[in-house]
Amino acid sequence: MQHAIEAEGLVKTYGKGAKAVRALSGVGFAVPRGTVFGLLGPNGAGKSTTTKILTTLSTPDDGTAAVAGLDVAREPGRVRRAIGYVPQKPCFDPTATGRENLTLQGHVHGLSRSDIRARGDQLLERFGLADAANRVTKTWSGGMQRKLDVALALLHQPRVLFLDEPTTGLDPEARADMWAEISGVTRADGVTILLTTHYLEEADHLADRLVIIDRGQVVAEGTPEELKGGLDGDAVQVELADPGQQTAASAAIATVRGVGEISVDGARLHARVGDGAATLPALLAALEGASVPLASVTVARPSLDDVYLRHAGRSFHSADRAGLTGTEVAA
Amino acid sequence: MSATLAPVAPARPDVRRGLALRQSVYLIGRSLRILRREPVYLAFTLLQPMVWLLLFGALFERVADLPGFGDISYLEYLTPGVVVMTAMMSAGWAGTGFIDDMQRGVMDRNLTSPVSRGALITGALAYQAVVTVVQSLIVFGVGLLAGARYDGGPAGVLVVLLCATLLAVIFAALSCAVALTLRSQESLIGVSQFLTLPLAFMSTVMMAPALLPGWVGTVARYNPVDWAARASRDALLGDPDWSAVFGRAALLAALTLVMAWLATRAFRAYQRSV
């Protein structure tokens, strides 16, 4: 078995007749074992629907999927023993303590008491939850609660872990903390992770490979670097001290070798360049020659946002807003 | 942080065989723990049956003077009725636990774990049975303290407990099925309110069979609350016609199986919608 997850031609429609909402129209991808695979897309793109099919929670109208080498439609019971799932919504029992949550989950999986105890202790320790373990979880912080969700999903040593937007709603510190835990999990245990996220930087940071999903379809696939490399060069952003000089500035920049398209946005000029570091000195010299004073200059590698814009034909954030105001069924 | 975790032995095949049953037991434990940690809810769960018995007992005390009630006190007549009515009303809320779990991700996690749908339903229904037995014993205790005497003795009490438990399981299963299908607390409350009080009044819970208006008597014959109330009362108040008692208990048992099966099926409706 080469791939931990294989999905092909997944189609799913919610509702019937005029109210039908097509959530997936032919999603397919393959996830190599032991990697973190990102499913990136705006709200309503079909990420959660894909995850629900792969975790046996939902069934596709068409298409096939295998997880840990097991067909999700034919052997859902065996798939469930092989996976851990952290849904988008918190999934711990708030009236129980951390340890009680872990104990029940262990029993559900039919683990022995001693295994539950030993592995539960290790997970609590590793996620920094040991001190709070015997407190009722509704008193825990949001970051701790989310880590408990992940610990619950890891208790029975799954081969594939599904994380559906694991950091949504967490503050930046808790998010960074969760990122560190997620990368630790794959490195230490060889677990394959399918991570859905609508944070571009999260996919960039964590995913070894990723697919971009938009309107129920895969629009791009590759490593974050490959996807960004597919775009032409870097982005240079110049902020003028005097907005009135944009025409002069733009003319000056256009004379520099290696500068591609230039767009003007008030006092800000964006230019695409082949190699940011090499072009910058000439660009600055040209601006100085034209006596244009600057407020700031930044050079950036292309972001996944740029990739998304390229492949989906709309900016990620406008797609995200459209997804939120549209139907939530497909979220 | 990234130290390798100890491996765990997966459930062995022989362990798996009894797994569904043990999962139910752990799920009952979970529900009892939730009840224990909500002291106000627990207090009202235990107080409610006392209130019914004492309130209706006082309000309708003179009703027993009417011909048709025989020579027993109204409190004695009312006790088995209040037991089954309480069982039904508490059970009507059984689905709220499922809705709480659905609104969080707990239901989704359970359904992607190797826990059987049957175990999830059995756990919820068996928990309701435990609550019903405790509530019923409280009603008996209060009745005895208030001076009621039950000629049927321990055998009569056991029959009442059995009927009340079956009725509780029927309504708990219905409540769970509604919860899984409609997935909204408000809808569940609506359905439950709509059903429980009318079903209690369209029965012999409070009024002797001979005194029911004609059409109510007809409805009562098809009302499971009345099956439970009659079987309970006959067994508890002495000298019962056992074949009639067991006939009604058998009807309740059959309906219990049908409802439990329906509730398990309702998971399909839930999974289609997620």
# chains A, B, ... in the order shown; residues from 1 in each chain; ligands from 1
$ closest_atom_pairs --of "chain B" --to "chain A" --cutoff "9 Å" --atoms "only C-alpha atoms" --output "JSON lines"
{"residue": "B:Met1", "atom": "CA", "partner": "A:Arg126", "partner_atom": "CA", "distance": 5.3}
{"residue": "B:Ser2", "atom": "CA", "partner": "A:Gly184", "partner_atom": "CA", "distance": 5.0}
{"residue": "B:Ala3", "atom": "CA", "partner": "A:Ala188", "partner_atom": "CA", "distance": 6.1}
{"residue": "B:Thr4", "atom": "CA", "partner": "A:Ala188", "partner_atom": "CA", "distance": 5.1}
{"residue": "B:Leu5", "atom": "CA", "partner": "A:Gln122", "partner_atom": "CA", "distance": 6.8}
{"residue": "B:Ala6", "atom": "CA", "partner": "A:Arg119", "partner_atom": "CA", "distance": 6.2}
{"residue": "B:Pro7", "atom": "CA", "partner": "A:Gln157", "partner_atom": "CA", "distance": 7.0}
{"residue": "B:Val8", "atom": "CA", "partner": "A:Asp115", "partner_atom": "CA", "distance": 5.8}
{"residue": "B:Ala9", "atom": "CA", "partner": "A:Leu111", "partner_atom": "CA", "distance": 6.9}
{"residue": "B:Pro10", "atom": "CA", "partner": "A:Leu111", "partner_atom": "CA", "distance": 6.2}
{"residue": "B:Ala11", "atom": "CA", "partner": "A:Gly110", "partner_atom": "CA", "distance": 4.9}
{"residue": "B:Arg12", "atom": "CA", "partner": "A:Gly110", "partner_atom": "CA", "distance": 8.2}
{"residue": "B:Val15", "atom": "CA", "partner": "A:Gly110", "partner_atom": "CA", "distance": 7.0}
{"residue": "B:Arg16", "atom": "CA", "partner": "A:Gly110", "partner_atom": "CA", "distance": 6.9}
{"residue": "B:Leu19", "atom": "CA", "partner": "A:Gly110", "partner_atom": "CA", "distance": 6.5}
{"residue": "B:Ala20", "atom": "CA", "partner": "A:Val108", "partner_atom": "CA", "distance": 8.6}
{"residue": "B:Arg22", "atom": "CA", "partner": "A:His107", "partner_atom": "CA", "distance": 8.1}
{"residue": "B:Gln23", "atom": "CA", "partner": "A:Val108", "partner_atom": "CA", "distance": 5.7}
{"residue": "B:Tyr26", "atom": "CA", "partner": "A:Leu104", "partner_atom": "CA", "distance": 6.8}
{"residue": "B:Leu27", "atom": "CA", "partner": "A:Leu104", "partner_atom": "CA", "distance": 8.0}
{"residue": "B:Arg30", "atom": "CA", "partner": "A:Leu104", "partner_atom": "CA", "distance": 8.0}
{"residue": "B:Arg33", "atom": "CA", "partner": "A:Ala96", "partner_atom": "CA", "distance": 7.8}
{"residue": "B:Ile34", "atom": "CA", "partner": "A:Thr95", "partner_atom": "CA", "distance": 6.1}
{"residue": "B:Arg37", "atom": "CA", "partner": "A:Thr95", "partner_atom": "CA", "distance": 7.0}
{"residue": "B:Glu38", "atom": "CA", "partner": "A:Thr95", "partner_atom": "CA", "distance": 8.8}
{"residue": "B:Asp101", "atom": "CA", "partner": "A:Cys91", "partner_atom": "CA", "distance": 8.1}
{"residue": "B:Gln103", "atom": "CA", "partner": "A:Lys89", "partner_atom": "CA", "distance": 8.0}
{"residue": "B:Arg104", "atom": "CA", "partner": "A:Lys89", "partner_atom": "CA", "distance": 5.6}
{"residue": "B:Gly105", "atom": "CA", "partner": "A:Cys91", "partner_atom": "CA", "distance": 4.0}
{"residue": "B:Val106", "atom": "CA", "partner": "A:Cys91", "partner_atom": "CA", "distance": 4.4}
{"residue": "B:Met107", "atom": "CA", "partner": "A:Cys91", "partner_atom": "CA", "distance": 7.9}
{"residue": "B:Asp108", "atom": "CA", "partner": "A:Leu57", "partner_atom": "CA", "distance": 7.0}
{"residue": "B:Arg109", "atom": "CA", "partner": "A:Tyr85", "partner_atom": "CA", "distance": 6.5}
{"residue": "B:Asn110", "atom": "CA", "partner": "A:Val108", "partner_atom": "CA", "distance": 8.5}
{"residue": "B:Leu111", "atom": "CA", "partner": "A:Leu57", "partner_atom": "CA", "distance": 6.4}
{"residue": "B:Thr112", "atom": "CA", "partner": "A:Arg80", "partner_atom": "CA", "distance": 5.5}
{"residue": "B:Ser113", "atom": "CA", "partner": "A:Arg80", "partner_atom": "CA", "distance": 5.2}
{"residue": "B:Pro114", "atom": "CA", "partner": "A:Arg80", "partner_atom": "CA", "distance": 5.5}
{"residue": "B:Val115", "atom": "CA", "partner": "A:Val108", "partner_atom": "CA", "distance": 5.9}
{"residue": "B:Gln271", "atom": "CA", "partner": "A:Ser58", "partner_atom": "CA", "distance": 5.7}
{"residue": "B:Arg272", "atom": "CA", "partner": "A:Ser58", "partner_atom": "CA", "distance": 6.5}
{"residue": "B:Ser273", "atom": "CA", "partner": "A:Tyr14", "partner_atom": "CA", "distance": 7.3}
{"residue": "B:Val274", "atom": "CA", "partner": "A:Ser58", "partner_atom": "CA", "distance": 6.2}
$ write_last_selection --atoms "C-alpha atoms" --output "PDB file, in the first residue's frame"
ATOM      1  CA  MET B   1       7.217  16.671  22.998  1.00  0.00           C
ATOM      2  CA  SER B   2       7.894  14.458  20.033  1.00  0.00           C
ATOM      3  CA  ALA B   3       8.871  11.386  22.014  1.00  0.00           C
ATOM      4  CA  THR B   4       7.343   8.282  20.496  1.00  0.00           C
ATOM      5  CA  LEU B   5       4.176   7.185  22.226  1.00  0.00           C
ATOM      6  CA  ALA B   6       3.796   3.718  23.661  1.00  0.00           C
ATOM      7  CA  PRO B   7       2.060   1.408  21.206  1.00  0.00           C
ATOM      8  CA  VAL B   8      -1.316   0.061  22.257  1.00  0.00           C
ATOM      9  CA  ALA B   9      -2.710  -3.359  21.576  1.00  0.00           C
ATOM     10  CA  PRO B  10      -5.810  -3.101  19.379  1.00  0.00           C
ATOM     11  CA  ALA B  11      -8.958  -4.802  20.648  1.00  0.00           C
ATOM     12  CA  ARG B  12      -8.592  -8.576  20.189  1.00  0.00           C
ATOM     13  CA  VAL B  15     -12.812  -8.708  23.093  1.00  0.00           C
ATOM     14  CA  ARG B  16     -14.624  -7.267  20.099  1.00  0.00           C
ATOM     15  CA  LEU B  19     -17.634  -4.812  22.778  1.00  0.00           C
ATOM     16  CA  ALA B  20     -21.058  -3.419  21.836  1.00  0.00           C
ATOM     17  CA  ARG B  22     -19.581  -2.981  27.129  1.00  0.00           C
ATOM     18  CA  GLN B  23     -19.760   0.202  25.057  1.00  0.00           C
ATOM     19  CA  TYR B  26     -19.745   2.871  29.458  1.00  0.00           C
ATOM     20  CA  LEU B  27     -22.222   5.177  27.717  1.00  0.00           C
ATOM     21  CA  ARG B  30     -21.278   8.734  30.969  1.00  0.00           C
ATOM     22  CA  ARG B  33     -22.018  11.225  35.318  1.00  0.00           C
ATOM     23  CA  ILE B  34     -23.561  14.124  33.407  1.00  0.00           C
ATOM     24  CA  ARG B  37     -22.591  16.882  37.700  1.00  0.00           C
ATOM     25  CA  GLU B  38     -25.780  18.914  37.174  1.00  0.00           C
ATOM     26  CA  ASP B 101     -23.751  15.667  21.176  1.00  0.00           C
ATOM     27  CA  GLN B 103     -24.278  20.347  18.255  1.00  0.00           C
ATOM     28  CA  ARG B 104     -20.819  19.570  19.511  1.00  0.00           C
ATOM     29  CA  GLY B 105     -18.676  17.185  17.511  1.00  0.00           C
ATOM     30  CA  VAL B 106     -19.251  14.315  19.962  1.00  0.00           C
ATOM     31  CA  MET B 107     -21.785  12.544  17.759  1.00  0.00           C
ATOM     32  CA  ASP B 108     -19.505  12.792  14.727  1.00  0.00           C
ATOM     33  CA  ARG B 109     -16.600  11.434  16.730  1.00  0.00           C
ATOM     34  CA  ASN B 110     -18.716   8.551  18.006  1.00  0.00           C
ATOM     35  CA  LEU B 111     -19.962   7.691  14.542  1.00  0.00           C
ATOM     36  CA  THR B 112     -16.406   7.584  13.189  1.00  0.00           C
ATOM     37  CA  SER B 113     -15.275   5.414  16.112  1.00  0.00           C
ATOM     38  CA  PRO B 114     -15.888   1.666  16.200  1.00  0.00           C
ATOM     39  CA  VAL B 115     -18.955   2.124  18.415  1.00  0.00           C
ATOM     40  CA  GLN B 271     -25.808  10.345   8.363  1.00  0.00           C
ATOM     41  CA  ARG B 272     -27.537  11.175   5.089  1.00  0.00           C
ATOM     42  CA  SER B 273     -27.824  14.765   6.216  1.00  0.00           C
ATOM     43  CA  VAL B 274     -24.218  15.308   7.338  1.00  0.00           C
TER      44      VAL B 274
END
$ residues_around --residues "range 210-227 of chain A" --least-positions-apart "6" --cutoff "6 Å" --atoms "only C-alpha atoms" --output "VMD selection string"
chain A and resid 23 to 25 27 37 to 41 45 to 46 204
$ write_last_selection --atoms "all heavy atoms" --output "PDB file, in the first residue's frame"
ATOM      1  N   ALA A  23     -22.061  19.815  -3.305  1.00  0.00           N
ATOM      2  CA  ALA A  23     -20.924  20.119  -2.436  1.00  0.00           C
ATOM      3  C   ALA A  23     -19.612  19.677  -3.072  1.00  0.00           C
ATOM      4  O   ALA A  23     -18.598  20.352  -2.953  1.00  0.00           O
ATOM      5  CB  ALA A  23     -21.105  19.451  -1.080  1.00  0.00           C
ATOM      6  N   LEU A  24     -19.635  18.510  -3.746  1.00  0.00           N
ATOM      7  CA  LEU A  24     -18.426  18.017  -4.405  1.00  0.00           C
ATOM      8  C   LEU A  24     -18.781  17.618  -5.823  1.00  0.00           C
ATOM      9  O   LEU A  24     -19.772  16.943  -6.048  1.00  0.00           O
ATOM     10  CB  LEU A  24     -17.883  16.775  -3.682  1.00  0.00           C
ATOM     11  CG  LEU A  24     -17.464  16.898  -2.218  1.00  0.00           C
ATOM     12  CD1 LEU A  24     -16.963  15.546  -1.719  1.00  0.00           C
ATOM     13  CD2 LEU A  24     -16.384  17.957  -2.047  1.00  0.00           C
ATOM     14  N   SER A  25     -17.949  18.057  -6.776  1.00  0.00           N
ATOM     15  CA  SER A  25     -18.196  17.567  -8.124  1.00  0.00           C
ATOM     16  C   SER A  25     -16.931  16.956  -8.690  1.00  0.00           C
ATOM     17  O   SER A  25     -16.273  17.536  -9.537  1.00  0.00           O
ATOM     18  CB  SER A  25     -18.752  18.676  -9.018  1.00  0.00           C
ATOM     19  OG  SER A  25     -18.409  19.943  -8.525  1.00  0.00           O
ATOM     20  N   VAL A  27     -14.027  15.209  -6.735  1.00  0.00           N
ATOM     21  CA  VAL A  27     -12.768  15.488  -6.037  1.00  0.00           C
ATOM     22  C   VAL A  27     -11.923  14.214  -5.984  1.00  0.00           C
ATOM     23  O   VAL A  27     -12.430  13.144  -5.660  1.00  0.00           O
ATOM     24  CB  VAL A  27     -13.040  16.004  -4.602  1.00  0.00           C
ATOM     25  CG1 VAL A  27     -11.763  15.954  -3.752  1.00  0.00           C
ATOM     26  CG2 VAL A  27     -13.578  17.426  -4.659  1.00  0.00           C
ATOM     27  N   PHE A  37      -1.006  16.254   4.671  1.00  0.00           N
ATOM     28  CA  PHE A  37      -1.593  16.637   3.394  1.00  0.00           C
ATOM     29  C   PHE A  37      -2.642  17.709   3.664  1.00  0.00           C
ATOM     30  O   PHE A  37      -3.529  17.514   4.485  1.00  0.00           O
ATOM     31  CB  PHE A  37      -2.226  15.414   2.731  1.00  0.00           C
ATOM     32  CG  PHE A  37      -2.621  15.617   1.295  1.00  0.00           C
ATOM     33  CD1 PHE A  37      -1.699  15.445   0.274  1.00  0.00           C
ATOM     34  CD2 PHE A  37      -3.913  15.989   0.973  1.00  0.00           C
ATOM     35  CE1 PHE A  37      -2.061  15.622  -1.055  1.00  0.00           C
ATOM     36  CE2 PHE A  37      -4.282  16.178  -0.355  1.00  0.00           C
ATOM     37  CZ  PHE A  37      -3.349  15.990  -1.367  1.00  0.00           C
ATOM     38  N   GLY A  38      -2.522  18.827   2.988  1.00  0.00           N
ATOM     39  CA  GLY A  38      -3.445  19.934   3.238  1.00  0.00           C
ATOM     40  C   GLY A  38      -4.593  19.952   2.250  1.00  0.00           C
ATOM     41  O   GLY A  38      -4.410  19.680   1.064  1.00  0.00           O
ATOM     42  N   LEU A  39      -5.776  20.245   2.761  1.00  0.00           N
ATOM     43  CA  LEU A  39      -6.956  20.445   1.920  1.00  0.00           C
ATOM     44  C   LEU A  39      -7.324  21.902   2.135  1.00  0.00           C
ATOM     45  O   LEU A  39      -7.885  22.251   3.165  1.00  0.00           O
ATOM     46  CB  LEU A  39      -8.073  19.530   2.420  1.00  0.00           C
ATOM     47  CG  LEU A  39      -8.964  18.787   1.466  1.00  0.00           C
ATOM     48  CD1 LEU A  39      -8.150  17.982   0.490  1.00  0.00           C
ATOM     49  CD2 LEU A  39      -9.905  17.880   2.239  1.00  0.00           C
ATOM     50  N   LEU A  40      -6.936  22.752   1.193  1.00  0.00           N
ATOM     51  CA  LEU A  40      -7.073  24.186   1.404  1.00  0.00           C
ATOM     52  C   LEU A  40      -8.206  24.730   0.552  1.00  0.00           C
ATOM     53  O   LEU A  40      -8.343  24.378  -0.616  1.00  0.00           O
ATOM     54  CB  LEU A  40      -5.756  24.872   1.021  1.00  0.00           C
ATOM     55  CG  LEU A  40      -5.726  26.400   1.034  1.00  0.00           C
ATOM     56  CD1 LEU A  40      -5.844  26.918   2.445  1.00  0.00           C
ATOM     57  CD2 LEU A  40      -4.438  26.902   0.389  1.00  0.00           C
ATOM     58  N   GLY A  41      -9.006  25.581   1.142  1.00  0.00           N
ATOM     59  CA  GLY A  41     -10.075  26.187   0.366  1.00  0.00           C
ATOM     60  C   GLY A  41     -10.897  27.103   1.250  1.00  0.00           C
ATOM     61  O   GLY A  41     -10.823  27.009   2.469  1.00  0.00           O
ATOM     62  N   ALA A  45     -16.143  25.323   0.316  1.00  0.00           N
ATOM     63  CA  ALA A  45     -15.492  24.782  -0.882  1.00  0.00           C
ATOM     64  C   ALA A  45     -15.699  23.276  -1.024  1.00  0.00           C
ATOM     65  O   ALA A  45     -15.630  22.741  -2.126  1.00  0.00           O
ATOM     66  CB  ALA A  45     -13.996  25.091  -0.851  1.00  0.00           C
ATOM     67  N   GLY A  46     -15.979  22.583   0.099  1.00  0.00           N
ATOM     68  CA  GLY A  46     -16.146  21.129   0.041  1.00  0.00           C
ATOM     69  C   GLY A  46     -15.120  20.364   0.861  1.00  0.00           C
ATOM     70  O   GLY A  46     -15.059  19.146   0.784  1.00  0.00           O
ATOM     71  N   ASP A 204       0.581  26.421   4.297  1.00  0.00           N
ATOM     72  CA  ASP A 204       1.957  26.694   3.898  1.00  0.00           C
ATOM     73  C   ASP A 204       2.932  26.141   4.942  1.00  0.00           C
ATOM     74  O   ASP A 204       3.950  25.536   4.630  1.00  0.00           O
ATOM     75  CB  ASP A 204       2.128  28.210   3.761  1.00  0.00           C
ATOM     76  CG  ASP A 204       3.255  28.558   2.810  1.00  0.00           C
ATOM     77  OD1 ASP A 204       3.936  27.633   2.336  1.00  0.00           O
ATOM     78  OD2 ASP A 204       3.460  29.756   2.547  1.00  0.00           O
TER      79      ASP A 204
END
$ residues_around --residues "Ala229 in chain B" --least-positions-apart "4" --cutoff "7 Å" --atoms "only C-alpha atoms" --output "PyMOL selection string"
chain B and resi 80-81+84+204-205+225+233
$ atom_distance --atom1 "CA of Gln193 in chain B" --atom2 "CA of Trp93 in chain B"
9.8 Å
$ atom_distance --atom1 "CA of Gly190 in chain B" --atom2 "CA of Arg230 in chain B"
27.4 Å
$ residues_around --residues "Ala285 in chain A" --least-positions-apart "2" --cutoff "12 Å" --atoms "only C-alpha atoms" --output "list in words"
Ala249, Ala252, Ile253, Thr255, Val256, Thr279, Leu280, Pro281, Ala282, Leu283, Leu287, Glu288, Gly289, Ala290, Ser291, Val292, Pro293 and Leu294 of chain A
$ write_last_selection --atoms "N, CA and C atoms" --output "PDB file, in the first residue's frame"
ATOM      1  N   ALA A 249       6.833  57.365 -10.490  1.00  0.00           N
ATOM      2  CA  ALA A 249       7.412  56.164  -9.893  1.00  0.00           C
ATOM      3  C   ALA A 249       7.195  54.963 -10.801  1.00  0.00           C
ATOM      4  N   ALA A 252       9.447  55.021 -13.738  1.00  0.00           N
ATOM      5  CA  ALA A 252      10.836  54.714 -13.378  1.00  0.00           C
ATOM      6  C   ALA A 252      11.033  53.217 -13.197  1.00  0.00           C
ATOM      7  N   ILE A 253      10.072  52.580 -12.520  1.00  0.00           N
ATOM      8  CA  ILE A 253      10.194  51.137 -12.261  1.00  0.00           C
ATOM      9  C   ILE A 253      10.133  50.351 -13.572  1.00  0.00           C
ATOM     10  N   THR A 255      11.348  50.899 -16.321  1.00  0.00           N
ATOM     11  CA  THR A 255      12.607  50.866 -17.081  1.00  0.00           C
ATOM     12  C   THR A 255      13.567  49.805 -16.559  1.00  0.00           C
ATOM     13  N   VAL A 256      13.295  49.265 -15.344  1.00  0.00           N
ATOM     14  CA  VAL A 256      14.235  48.313 -14.741  1.00  0.00           C
ATOM     15  C   VAL A 256      14.089  46.942 -15.396  1.00  0.00           C
ATOM     16  N   THR A 279      16.808  42.115  -8.323  1.00  0.00           N
ATOM     17  CA  THR A 279      16.257  43.276  -9.019  1.00  0.00           C
ATOM     18  C   THR A 279      16.189  44.511  -8.127  1.00  0.00           C
ATOM     19  N   LEU A 280      16.127  44.291  -6.809  1.00  0.00           N
ATOM     20  CA  LEU A 280      15.849  45.394  -5.895  1.00  0.00           C
ATOM     21  C   LEU A 280      16.836  46.565  -6.001  1.00  0.00           C
ATOM     22  N   PRO A 281      18.178  46.319  -6.047  1.00  0.00           N
ATOM     23  CA  PRO A 281      19.102  47.464  -6.117  1.00  0.00           C
ATOM     24  C   PRO A 281      18.844  48.353  -7.335  1.00  0.00           C
ATOM     25  N   ALA A 282      18.634  47.726  -8.496  1.00  0.00           N
ATOM     26  CA  ALA A 282      18.390  48.506  -9.712  1.00  0.00           C
ATOM     27  C   ALA A 282      17.085  49.282  -9.600  1.00  0.00           C
ATOM     28  N   LEU A 283      16.117  48.668  -8.977  1.00  0.00           N
ATOM     29  CA  LEU A 283      14.807  49.291  -8.835  1.00  0.00           C
ATOM     30  C   LEU A 283      14.897  50.526  -7.938  1.00  0.00           C
ATOM     31  N   LEU A 287      14.355  54.586  -8.875  1.00  0.00           N
ATOM     32  CA  LEU A 287      13.459  55.475  -8.152  1.00  0.00           C
ATOM     33  C   LEU A 287      14.211  56.684  -7.613  1.00  0.00           C
ATOM     34  N   GLU A 288      15.433  56.453  -7.180  1.00  0.00           N
ATOM     35  CA  GLU A 288      16.227  57.560  -6.665  1.00  0.00           C
ATOM     36  C   GLU A 288      16.584  58.532  -7.789  1.00  0.00           C
ATOM     37  N   GLY A 289      16.927  57.950  -8.983  1.00  0.00           N
ATOM     38  CA  GLY A 289      17.229  58.773 -10.152  1.00  0.00           C
ATOM     39  C   GLY A 289      16.061  59.667 -10.530  1.00  0.00           C
ATOM     40  N   ALA A 290      14.818  59.174 -10.309  1.00  0.00           N
ATOM     41  CA  ALA A 290      13.635  59.947 -10.668  1.00  0.00           C
ATOM     42  C   ALA A 290      13.207  60.841  -9.507  1.00  0.00           C
ATOM     43  N   SER A 291      13.993  60.875  -8.429  1.00  0.00           N
ATOM     44  CA  SER A 291      13.719  61.689  -7.240  1.00  0.00           C
ATOM     45  C   SER A 291      12.336  61.393  -6.636  1.00  0.00           C
ATOM     46  N   VAL A 292      12.046  60.081  -6.485  1.00  0.00           N
ATOM     47  CA  VAL A 292      10.793  59.690  -5.838  1.00  0.00           C
ATOM     48  C   VAL A 292      11.106  59.216  -4.416  1.00  0.00           C
ATOM     49  N   PRO A 293      10.681  59.962  -3.381  1.00  0.00           N
ATOM     50  CA  PRO A 293      10.939  59.522  -2.004  1.00  0.00           C
ATOM     51  C   PRO A 293      10.006  58.372  -1.607  1.00  0.00           C
ATOM     52  N   LEU A 294      10.554  57.417  -0.824  1.00  0.00           N
ATOM     53  CA  LEU A 294       9.786  56.202  -0.488  1.00  0.00           C
ATOM     54  C   LEU A 294       9.452  56.131   0.995  1.00  0.00           C
TER      55      LEU A 294
END
$ atom_distance --atom1 "CA of Gly142 in chain A" --atom2 "CA of Arg113 in chain A"
28.4 Å
